[in-house]
>>> print(open('target.cif').read())   # mmCIF, C-alpha atoms
data_target
loop_
_atom_site.label_atom_id
_atom_site.label_comp_id
_atom_site.auth_asym_id
_atom_site.auth_seq_id
_atom_site.Cartn_x
_atom_site.Cartn_y
_atom_site.Cartn_z
CA MET A 1 -27.89 55.77 70.50
CA GLY A 2 -27.97 56.13 66.69
CA ASP A 3 -24.16 56.10 66.43
CA LEU A 4 -24.01 53.03 68.66
CA TRP A 5 -26.36 50.86 66.62
CA LEU A 6 -24.89 52.04 63.33
CA GLY A 7 -21.44 51.12 64.58
CA SER A 8 -22.63 47.70 65.72
CA LEU A 9 -24.32 47.09 62.39
CA THR A 10 -21.16 48.03 60.49
CA ILE A 11 -19.08 45.61 62.58
CA PHE A 12 -21.62 42.82 62.07
CA LEU A 13 -21.79 43.28 58.32
CA THR A 14 -18.00 43.51 58.04
CA ILE A 15 -17.63 40.20 59.86
CA MET A 16 -20.30 38.59 57.70
CA ALA A 17 -18.77 39.95 54.52
CA SER A 18 -15.44 38.34 55.34
CA GLN A 19 -17.06 34.92 55.42
CA GLY A 20 -17.39 32.82 52.30
CA GLN A 21 -16.43 34.13 48.89
CA LEU A 22 -18.71 37.13 48.78
CA LYS A 23 -17.14 40.38 49.86
CA THR A 24 -18.01 44.04 49.93
CA GLY A 25 -16.29 46.01 47.20
CA PHE A 26 -15.82 42.92 45.02
CA TYR A 27 -15.85 45.12 41.90
CA SER A 28 -13.74 47.96 43.30
CA SER A 29 -10.92 47.19 40.83
CA SER A 30 -12.60 45.25 38.02
CA CYS A 31 -15.56 47.65 37.59
CA PRO A 32 -15.24 50.59 40.02
CA ASN A 33 -18.53 52.27 39.06
CA ALA A 34 -20.65 49.11 39.24
CA GLU A 35 -22.58 49.98 42.39
CA ALA A 36 -23.01 53.63 41.41
CA THR A 37 -24.36 52.57 38.01
CA VAL A 38 -26.94 50.27 39.58
CA ARG A 39 -27.92 52.99 42.05
CA SER A 40 -28.41 55.67 39.39
CA THR A 41 -30.43 53.27 37.24
CA VAL A 42 -32.73 52.30 40.09
CA GLN A 43 -33.12 55.95 41.06
CA SER A 44 -34.14 56.98 37.54
CA TYR A 45 -36.92 54.37 37.47
CA PHE A 46 -37.92 55.13 41.07
CA ASN A 47 -38.29 58.82 40.28
CA LYS A 48 -40.86 57.95 37.60
CA ASP A 49 -42.60 55.23 39.62
CA PRO A 50 -41.89 54.66 43.34
CA THR A 51 -43.70 51.30 43.20
CA ILE A 52 -40.69 49.91 41.33
CA ALA A 53 -38.98 49.70 44.74
CA PRO A 54 -41.10 46.87 46.18
CA ALA A 55 -41.03 45.19 42.76
CA LEU A 56 -37.23 45.00 42.83
CA LEU A 57 -37.21 43.81 46.44
CA ARG A 58 -39.70 41.06 45.61
CA LEU A 59 -37.70 40.08 42.53
CA HIS A 60 -34.58 39.55 44.64
CA PHE A 61 -36.49 37.65 47.33
CA HIS A 62 -38.04 35.30 44.78
CA ASP A 63 -34.67 34.80 43.10
CA CYS A 64 -32.98 33.74 46.35
CA PHE A 65 -35.65 31.19 47.29
CA VAL A 66 -35.17 29.15 44.11
CA GLN A 67 -31.63 27.78 43.61
CA GLY A 68 -30.22 30.60 45.70
CA CYS A 69 -29.42 34.19 44.74
CA ASP A 70 -28.17 33.40 41.24
CA GLY A 71 -30.30 35.59 38.97
CA SER A 72 -32.18 32.56 37.65
CA VAL A 73 -35.51 34.37 38.06
CA LEU A 74 -34.37 36.84 35.39
CA ILE A 75 -34.09 34.21 32.66
CA ALA A 76 -36.92 34.29 30.10
CA GLY A 77 -38.57 31.23 28.56
CA SER A 78 -41.85 29.34 28.65
CA SER A 79 -40.63 26.90 31.32
CA ALA A 80 -38.50 29.43 33.25
CA GLU A 81 -38.93 30.38 36.91
CA ARG A 82 -40.54 33.71 36.19
CA ASN A 83 -43.53 31.93 34.62
CA ALA A 84 -44.32 29.85 37.72
CA LEU A 85 -47.60 30.70 39.44
CA PRO A 86 -45.90 31.91 42.66
CA ASN A 87 -44.01 34.42 40.50
CA ALA A 88 -47.15 35.92 39.00
CA GLY A 89 -46.92 39.68 38.94
CA LEU A 90 -43.13 39.86 39.19
CA ARG A 91 -41.82 43.00 37.52
CA GLY A 92 -38.78 45.23 37.40
CA PHE A 93 -36.86 43.08 34.92
CA GLU A 94 -36.26 46.10 32.68
CA VAL A 95 -34.43 47.92 35.48
CA ILE A 96 -31.95 45.08 35.88
CA GLU A 97 -31.48 44.75 32.10
CA ASP A 98 -30.90 48.49 31.80
CA ALA A 99 -28.20 48.47 34.48
CA LYS A 100 -26.66 45.35 32.96
CA SER A 101 -26.42 46.86 29.47
CA GLN A 102 -24.66 49.92 30.88
CA LEU A 103 -22.21 47.76 32.82
CA GLU A 104 -21.54 45.51 29.84
CA ALA A 105 -20.58 48.60 27.85
CA ARG A 106 -18.14 49.68 30.57
CA CYS A 107 -16.94 46.36 32.02
CA PRO A 108 -17.85 43.49 29.66
CA GLY A 109 -18.39 40.12 31.32
CA VAL A 110 -17.58 41.32 34.83
CA VAL A 111 -20.70 42.15 36.86
CA SER A 112 -23.24 39.38 37.40
CA CYS A 113 -26.98 39.81 37.04
CA ALA A 114 -27.39 38.23 40.48
CA ASP A 115 -25.26 40.99 42.03
CA ILE A 116 -27.09 43.71 40.12
CA LEU A 117 -30.37 42.41 41.55
CA ALA A 118 -28.99 42.25 45.11
CA LEU A 119 -27.68 45.81 44.83
CA ALA A 120 -30.93 47.05 43.29
CA ALA A 121 -32.94 45.57 46.18
CA ARG A 122 -30.77 47.46 48.67
CA ASP A 123 -31.09 50.70 46.72
CA ALA A 124 -34.87 50.27 46.47
CA VAL A 125 -35.17 50.15 50.26
CA ASP A 126 -32.84 53.11 50.73
CA LEU A 127 -34.78 55.23 48.23
CA SER A 128 -38.01 54.41 50.10
CA ASP A 129 -36.67 56.06 53.29
CA GLY A 130 -35.53 52.73 54.65
CA PRO A 131 -32.07 51.69 55.86
CA SER A 132 -29.06 51.13 53.65
CA TRP A 133 -26.33 48.54 54.07
CA SER A 134 -23.17 47.22 52.44
CA VAL A 135 -23.98 44.46 49.94
CA ALA A 136 -21.34 41.75 49.69
CA THR A 137 -20.86 40.93 46.01
CA GLY A 138 -19.19 38.24 43.95
CA ARG A 139 -22.26 36.14 43.06
CA ARG A 140 -22.24 34.36 39.76
CA ASP A 141 -25.25 33.70 37.55
CA GLY A 142 -26.98 30.34 37.36
CA ARG A 143 -27.61 28.62 34.05
CA VAL A 144 -30.81 26.79 35.04
CA SER A 145 -34.26 28.33 35.45
CA LEU A 146 -37.25 26.00 35.80
CA SER A 147 -40.77 26.95 36.83
CA SER A 148 -41.14 23.47 38.37
CA GLN A 149 -38.56 24.39 41.02
CA ALA A 150 -40.51 27.40 42.29
CA SER A 151 -42.90 25.39 44.48
CA ASN A 152 -40.86 26.17 47.62
CA LEU A 153 -41.62 29.88 47.37
CA PRO A 154 -43.67 31.20 50.31
CA SER A 155 -47.36 31.56 49.50
CA PRO A 156 -50.03 33.93 50.88
CA LEU A 157 -51.94 30.77 51.83
CA ASP A 158 -49.15 29.25 53.94
CA PRO A 159 -49.80 28.68 57.65
CA ILE A 160 -47.00 29.86 59.96
CA SER A 161 -45.62 26.32 60.32
CA VAL A 162 -45.12 26.06 56.56
CA GLN A 163 -43.68 29.56 56.32
CA ARG A 164 -41.18 28.75 59.06
CA LYS A 165 -40.20 25.49 57.34
CA LYS A 166 -39.63 27.22 53.99
CA PHE A 167 -37.47 29.89 55.61
CA SER A 168 -35.62 27.35 57.74
CA ASP A 169 -34.74 25.37 54.62
CA LYS A 170 -32.86 28.46 53.45
CA GLY A 171 -31.05 28.98 56.75
CA LEU A 172 -33.44 31.70 57.91
CA ASP A 173 -35.11 31.58 61.33
CA HIS A 174 -38.50 32.85 62.51
CA HIS A 175 -36.99 36.22 63.43
CA ASP A 176 -35.74 36.57 59.85
CA LEU A 177 -39.19 35.54 58.63
CA VAL A 178 -40.98 38.34 60.47
CA THR A 179 -38.28 40.88 59.67
CA LEU A 180 -38.19 40.13 55.95
CA LEU A 181 -41.99 40.17 55.71
CA GLY A 182 -41.68 43.71 57.03
CA ALA A 183 -40.67 44.58 53.47
CA HIS A 184 -44.42 44.49 52.81
CA THR A 185 -44.44 47.99 54.26
CA ILE A 186 -43.79 49.12 50.66
CA GLY A 187 -45.18 46.01 48.98
CA GLN A 188 -48.11 45.53 46.66
CA THR A 189 -50.32 42.61 45.79
CA GLU A 190 -53.26 41.92 43.50
CA CYS A 191 -56.89 41.44 44.52
CA ARG A 192 -56.86 37.84 43.31
CA PHE A 193 -54.37 36.89 46.06
CA PHE A 194 -56.61 37.88 48.97
CA SER A 195 -60.20 38.37 47.75
CA TYR A 196 -61.10 34.92 49.10
CA ARG A 197 -60.55 36.40 52.58
CA LEU A 198 -63.26 38.95 51.86
CA TYR A 199 -65.99 36.89 50.25
CA ASN A 200 -65.43 33.15 50.59
CA PHE A 201 -63.03 32.35 53.40
CA THR A 202 -62.65 28.56 53.79
CA THR A 203 -65.48 28.24 51.23
CA THR A 204 -68.06 29.42 53.79
CA GLY A 205 -69.12 32.52 51.90
CA ASN A 206 -68.05 34.59 54.90
CA SER A 207 -65.06 36.84 55.42
CA ASP A 208 -61.92 35.98 57.39
CA PRO A 209 -62.81 36.72 61.05
CA THR A 210 -59.26 37.93 61.78
CA ILE A 211 -59.79 40.99 59.54
CA ASN A 212 -60.66 44.14 61.46
CA GLN A 213 -64.29 44.85 60.56
CA ASP A 214 -63.70 48.51 59.73
CA PHE A 215 -60.82 47.51 57.47
CA LEU A 216 -62.92 44.82 55.80
CA GLY A 217 -65.18 47.50 54.33
CA GLN A 218 -62.14 49.33 52.89
CA LEU A 219 -60.84 46.14 51.29
CA LYS A 220 -64.21 45.28 49.77
CA ALA A 221 -64.36 48.76 48.25
CA LEU A 222 -60.89 48.27 46.76
CA CYS A 223 -61.63 44.76 45.51
CA PRO A 224 -65.32 44.23 44.70
CA ASN A 225 -66.59 40.66 44.56
CA LYS A 226 -65.79 39.15 41.13
CA GLY A 227 -64.10 42.40 40.15
CA ASN A 228 -60.71 42.90 38.49
CA GLY A 229 -58.43 40.35 40.12
CA LEU A 230 -55.33 42.00 38.68
CA LYS A 231 -55.96 45.32 40.40
CA ARG A 232 -52.91 46.25 42.49
CA VAL A 233 -53.32 47.11 46.16
CA SER A 234 -50.68 48.39 48.59
CA LEU A 235 -49.94 45.99 51.43
CA ASP A 236 -49.55 48.94 53.79
CA ILE A 237 -52.37 51.32 53.03
CA ASP A 238 -51.28 53.82 55.72
CA SER A 239 -47.87 54.66 54.21
CA PRO A 240 -47.55 52.65 50.99
CA THR A 241 -44.30 54.15 49.68
CA LYS A 242 -42.48 54.69 52.99
CA PHE A 243 -40.32 51.98 54.53
CA ASP A 244 -41.46 52.06 58.16
CA VAL A 245 -43.05 49.97 60.92
CA SER A 246 -46.63 50.69 59.89
CA PHE A 247 -46.92 47.17 58.45
CA PHE A 248 -46.38 45.64 61.89
CA LYS A 249 -48.97 47.91 63.45
CA ASN A 250 -51.42 46.73 60.77
CA VAL A 251 -50.71 43.07 61.58
CA ARG A 252 -51.25 43.79 65.28
CA ASP A 253 -54.53 45.59 64.59
CA GLY A 254 -56.02 43.03 62.16
CA ASN A 255 -55.32 45.20 59.14
CA ALA A 256 -52.96 42.91 57.23
CA ILE A 257 -54.06 42.22 53.67
CA LEU A 258 -52.46 38.83 53.03
CA GLU A 259 -53.58 35.92 55.18
CA SER A 260 -49.96 34.79 55.64
CA ASP A 261 -49.09 38.23 57.05
CA GLN A 262 -52.02 38.27 59.47
CA ARG A 263 -51.08 34.81 60.72
CA LEU A 264 -47.90 36.29 62.17
CA TRP A 265 -50.12 37.57 64.97
CA GLY A 266 -51.65 34.16 65.68
CA ASP A 267 -48.35 32.44 66.50
CA PRO A 268 -46.81 33.31 69.91
CA ALA A 269 -43.20 33.33 68.66
CA THR A 270 -43.84 35.55 65.66
CA GLN A 271 -46.40 37.68 67.51
CA SER A 272 -43.80 38.81 70.05
CA ILE A 273 -41.49 39.97 67.26
CA VAL A 274 -44.33 41.83 65.52
CA GLN A 275 -45.21 43.49 68.83
CA ASN A 276 -41.60 44.52 69.40
CA TYR A 277 -41.41 46.15 65.98
CA ALA A 278 -44.86 47.76 66.18
CA GLY A 279 -44.31 49.07 69.71
CA ASN A 280 -45.80 52.32 70.90
CA ILE A 281 -42.86 54.67 70.54
CA ARG A 282 -42.54 55.27 66.83
CA GLY A 283 -38.93 56.46 66.73
CA LEU A 284 -37.43 53.80 69.01
CA PHE A 285 -39.12 50.81 67.43
CA GLY A 286 -38.71 52.10 63.90
CA LEU A 287 -35.01 52.27 64.65
CA ARG A 288 -34.96 48.64 65.81
CA PHE A 289 -36.53 47.49 62.55
CA ASP A 290 -34.07 49.62 60.57
CA TYR A 291 -31.27 47.81 62.40
CA GLU A 292 -32.64 44.27 62.04
CA PHE A 293 -33.81 44.45 58.42
CA PRO A 294 -30.29 44.87 56.89
CA LYS A 295 -29.06 41.90 58.92
CA ALA A 296 -31.90 39.71 57.64
CA MET A 297 -31.35 40.92 54.07
CA PHE A 298 -27.66 40.11 54.36
CA LYS A 299 -28.56 36.52 55.29
CA LEU A 300 -31.15 36.27 52.52
CA SER A 301 -28.76 37.63 49.90
CA SER A 302 -26.20 34.98 50.84
CA VAL A 303 -28.50 31.98 50.37
CA GLU A 304 -26.94 29.24 48.21
CA VAL A 305 -24.89 31.71 46.17
CA LYS A 306 -22.68 30.60 43.31
CA THR A 307 -19.14 31.96 43.47
CA GLY A 308 -15.68 31.35 42.04
CA THR A 309 -15.95 29.22 38.91
CA GLN A 310 -19.56 28.17 39.49
CA GLY A 311 -22.17 29.40 37.03
CA GLU A 312 -21.26 32.25 34.68
CA ILE A 313 -21.47 35.99 34.18
CA ARG A 314 -24.36 36.44 31.76
CA LYS A 315 -24.04 38.96 28.95
CA VAL A 316 -27.78 39.55 28.96
CA CYS A 317 -29.74 38.84 32.13
CA SER A 318 -32.72 37.25 30.41
CA LYS A 319 -30.75 34.46 28.74
CA VAL A 320 -27.83 32.18 29.50
CA ASN A 321 -24.64 32.55 27.51
CA LEU A 322 -24.09 30.42 24.44
CA TYR A 323 -20.84 28.51 24.33
#
>>> encode(input="target.cif", output="structure tokens")
Amino acid sequence: MGDLWLGSLTIFLTIMASQGQLKTGFYSSSCPNAEATVRSTVQSYFNKDPTIAPALLRLHFHDCFVQGCDGSVLIAGSSAERNALPNAGLRGFEVIEDAKSQLEARCPGVVSCADILALAARDAVDLSDGPSWSVATGRRDGRVSLSSQASNLPSPLDPISVQRKKFSDKGLDHHDLVTLLGAHTIGQTECRFFSYRLYNFTTTGNSDPTINQDFLGQLKALCPNKGNGLKRVSLDIDSPTKFDVSFFKNVRDGNAILESDQRLWGDPATQSIVQNYAGNIRGLFGLRFDYEFPKAMFKLSSVEVKTGTQGEIRKVCSKVNLY
């Protein structure tokens, strides 16, 4: 069975990679060690701190939702995307800059920051015992980064209808929505993004009734009322650094930390997908998620990309080139 689904996945990704102007192996001649350089850089940071993996995955996700996957989230500046409220807590910028500086030394002006980020996201999942996949490359870097354009990013407060609309606007369906949120299996958040569920849900002073009562006590211990809102908490407390289906089991059992994640169980269409991934047979259903996640990531990584003569290839990822 494993050979069958791997073969099907390879065929699917090959077909997808032939569409548009992105293609796998884009740098095979112009910068042959590009992907290996990104991989070794991500691995060196991961070895010191495995939580860099979800950080890089989130960085790529947030990049793609604003002006497409063009590396605009990497640009620094007081009015830049990375300073928008929905991007609070983004990190991992130094990993991308490190890989970029190495590639500029070897292949000046060739490899885009947007591609480095897409490759790093893939490597982060792979290093976390998740699936790997071929990343089509050839993205070019955007020259505009505005915090005011980040309002379409999904929020922990979004009801399912809003989440579905935001994903649909990027060409992603409700199946992609559930699958991509599965990345929260290695994700982290901060107490300030969910403490209202514990102490003042809908300003009633009560807790969110969809939280499993046993789990509620654990969360209150992790995030005391009026405590440190910046304290980081794993979104999958059972296996925080392993890319698996535990997240979906938590959603099913009322143990999701973010309200937007728990709401996946309250909508019939998304609930059925969660149930399929959570399942009861760990190996079989873990395999299904490992098959579907690369497909969803491939779609995400292709959102509104700049190719050809669009944009530029930045010399430094945190600032646009000067002409």
>>> residues_around(input="target.cif", residues="segment 108-120 of chain A", least_positions_apart="6", cutoff="6 Å", atoms="all atoms listed in the file", output="list in words")
His60, Asp70, Gly71, Thr137, Arg139, Arg140, Asp141, Ile313 and Cys317 of chain A
>>> axis_aligned_box(input="target.cif", around="segment 113-120 of chain A", padding_each_side="5 Å", output="JSON")
{"center_x": -28.1, "center_y": 42.6, "center_z": 41.1, "size_x": 15.7, "size_y": 18.8, "size_z": 18.1}
>>> closest_residue(input="target.cif", among="A:Asn200, A:Thr270, A:Asn212, A:Gln310", to="Phe248 of chain A", atoms="all atoms listed in the file")
A:Thr270
>>> atom_distance(input="target.cif", atom1="atom CA of Ser148 of chain A", atom2="atom CA of Ala84 of chain A")
7.2 Å
>>> atom_distance(input="target.cif", atom1="atom CA of Thr204 of chain A", atom2="atom CA of Arg232 of chain A")
25.3 Å
>>> decode(input="target.cif", residues="segment 62-119 of chain A", atoms="C-alpha atoms", output="PDB file, in the first residue's frame")
ATOM      1  CA  HIS A  62       1.583  33.766   6.368  1.00  0.00           C
ATOM      2  CA  ASP A  63       3.692  34.798   3.390  1.00  0.00           C
ATOM      3  CA  CYS A  64       1.414  33.037   0.901  1.00  0.00           C
ATOM      4  CA  PHE A  65      -1.798  34.560   2.267  1.00  0.00           C
ATOM      5  CA  VAL A  66      -0.663  38.143   1.641  1.00  0.00           C
ATOM      6  CA  GLN A  67       0.161  38.940  -2.008  1.00  0.00           C
ATOM      7  CA  GLY A  68       0.957  35.294  -2.651  1.00  0.00           C
ATOM      8  CA  CYS A  69       4.127  33.328  -1.927  1.00  0.00           C
ATOM      9  CA  ASP A  70       6.551  36.135  -2.758  1.00  0.00           C
ATOM     10  CA  GLY A  71       8.683  36.486   0.370  1.00  0.00           C
ATOM     11  CA  SER A  72       7.044  39.809   1.237  1.00  0.00           C
ATOM     12  CA  VAL A  73       6.634  38.730   4.872  1.00  0.00           C
ATOM     13  CA  LEU A  74      10.437  38.695   5.171  1.00  0.00           C
ATOM     14  CA  ILE A  75      10.824  42.408   4.437  1.00  0.00           C
ATOM     15  CA  ALA A  76      11.609  44.538   7.503  1.00  0.00           C
ATOM     16  CA  GLY A  77      10.186  48.003   8.176  1.00  0.00           C
ATOM     17  CA  SER A  78       7.748  49.744  10.485  1.00  0.00           C
ATOM     18  CA  SER A  79       4.846  49.420   8.033  1.00  0.00           C
ATOM     19  CA  ALA A  80       5.841  45.993   6.660  1.00  0.00           C
ATOM     20  CA  GLU A  81       3.711  42.835   6.771  1.00  0.00           C
ATOM     21  CA  ARG A  82       5.661  41.230   9.565  1.00  0.00           C
ATOM     22  CA  ASN A  83       4.554  44.005  11.939  1.00  0.00           C
ATOM     23  CA  ALA A  84       0.832  43.425  11.384  1.00  0.00           C
ATOM     24  CA  LEU A  85      -1.071  42.109  14.404  1.00  0.00           C
ATOM     25  CA  PRO A  86      -1.934  38.762  12.723  1.00  0.00           C
ATOM     26  CA  ASN A  87       1.812  38.227  12.262  1.00  0.00           C
ATOM     27  CA  ALA A  88       2.614  38.683  15.939  1.00  0.00           C
ATOM     28  CA  GLY A  89       5.045  36.048  17.092  1.00  0.00           C
ATOM     29  CA  LEU A  90       6.393  35.194  13.634  1.00  0.00           C
ATOM     30  CA  ARG A  91       9.965  33.958  13.855  1.00  0.00           C
ATOM     31  CA  GLY A  92      12.549  32.036  11.885  1.00  0.00           C
ATOM     32  CA  PHE A  93      13.670  34.996   9.782  1.00  0.00           C
ATOM     33  CA  GLU A  94      17.303  34.345  10.696  1.00  0.00           C
ATOM     34  CA  VAL A  95      17.150  30.850   9.194  1.00  0.00           C
ATOM     35  CA  ILE A  96      16.053  32.208   5.827  1.00  0.00           C
ATOM     36  CA  GLU A  97      18.657  35.009   5.931  1.00  0.00           C
ATOM     37  CA  ASP A  98      21.378  32.501   6.788  1.00  0.00           C
ATOM     38  CA  ALA A  99      20.499  30.258   3.848  1.00  0.00           C
ATOM     39  CA  LYS A 100      20.212  33.288   1.575  1.00  0.00           C
ATOM     40  CA  SER A 101      23.657  34.619   2.498  1.00  0.00           C
ATOM     41  CA  GLN A 102      25.211  31.231   1.741  1.00  0.00           C
ATOM     42  CA  LEU A 103      23.442  31.044  -1.614  1.00  0.00           C
ATOM     43  CA  GLU A 104      24.384  34.609  -2.534  1.00  0.00           C
ATOM     44  CA  ALA A 105      28.028  33.682  -1.957  1.00  0.00           C
ATOM     45  CA  ARG A 106      27.696  30.672  -4.275  1.00  0.00           C
ATOM     46  CA  CYS A 107      25.093  31.818  -6.822  1.00  0.00           C
ATOM     47  CA  PRO A 108      24.632  35.613  -6.609  1.00  0.00           C
ATOM     48  CA  GLY A 109      21.211  36.911  -7.611  1.00  0.00           C
ATOM     49  CA  VAL A 110      19.802  33.499  -8.524  1.00  0.00           C
ATOM     50  CA  VAL A 111      17.739  31.951  -5.711  1.00  0.00           C
ATOM     51  CA  SER A 112      14.723  33.895  -4.471  1.00  0.00           C
ATOM     52  CA  CYS A 113      13.853  34.384  -0.825  1.00  0.00           C
ATOM     53  CA  ALA A 114      10.328  33.154  -1.608  1.00  0.00           C
ATOM     54  CA  ASP A 115      11.738  29.833  -2.832  1.00  0.00           C
ATOM     55  CA  ILE A 116      14.054  29.512   0.153  1.00  0.00           C
ATOM     56  CA  LEU A 117      11.044  29.907   2.448  1.00  0.00           C
ATOM     57  CA  ALA A 118       8.976  27.340   0.511  1.00  0.00           C
ATOM     58  CA  LEU A 119      11.853  24.844   0.634  1.00  0.00           C
TER      59      LEU A 119
END
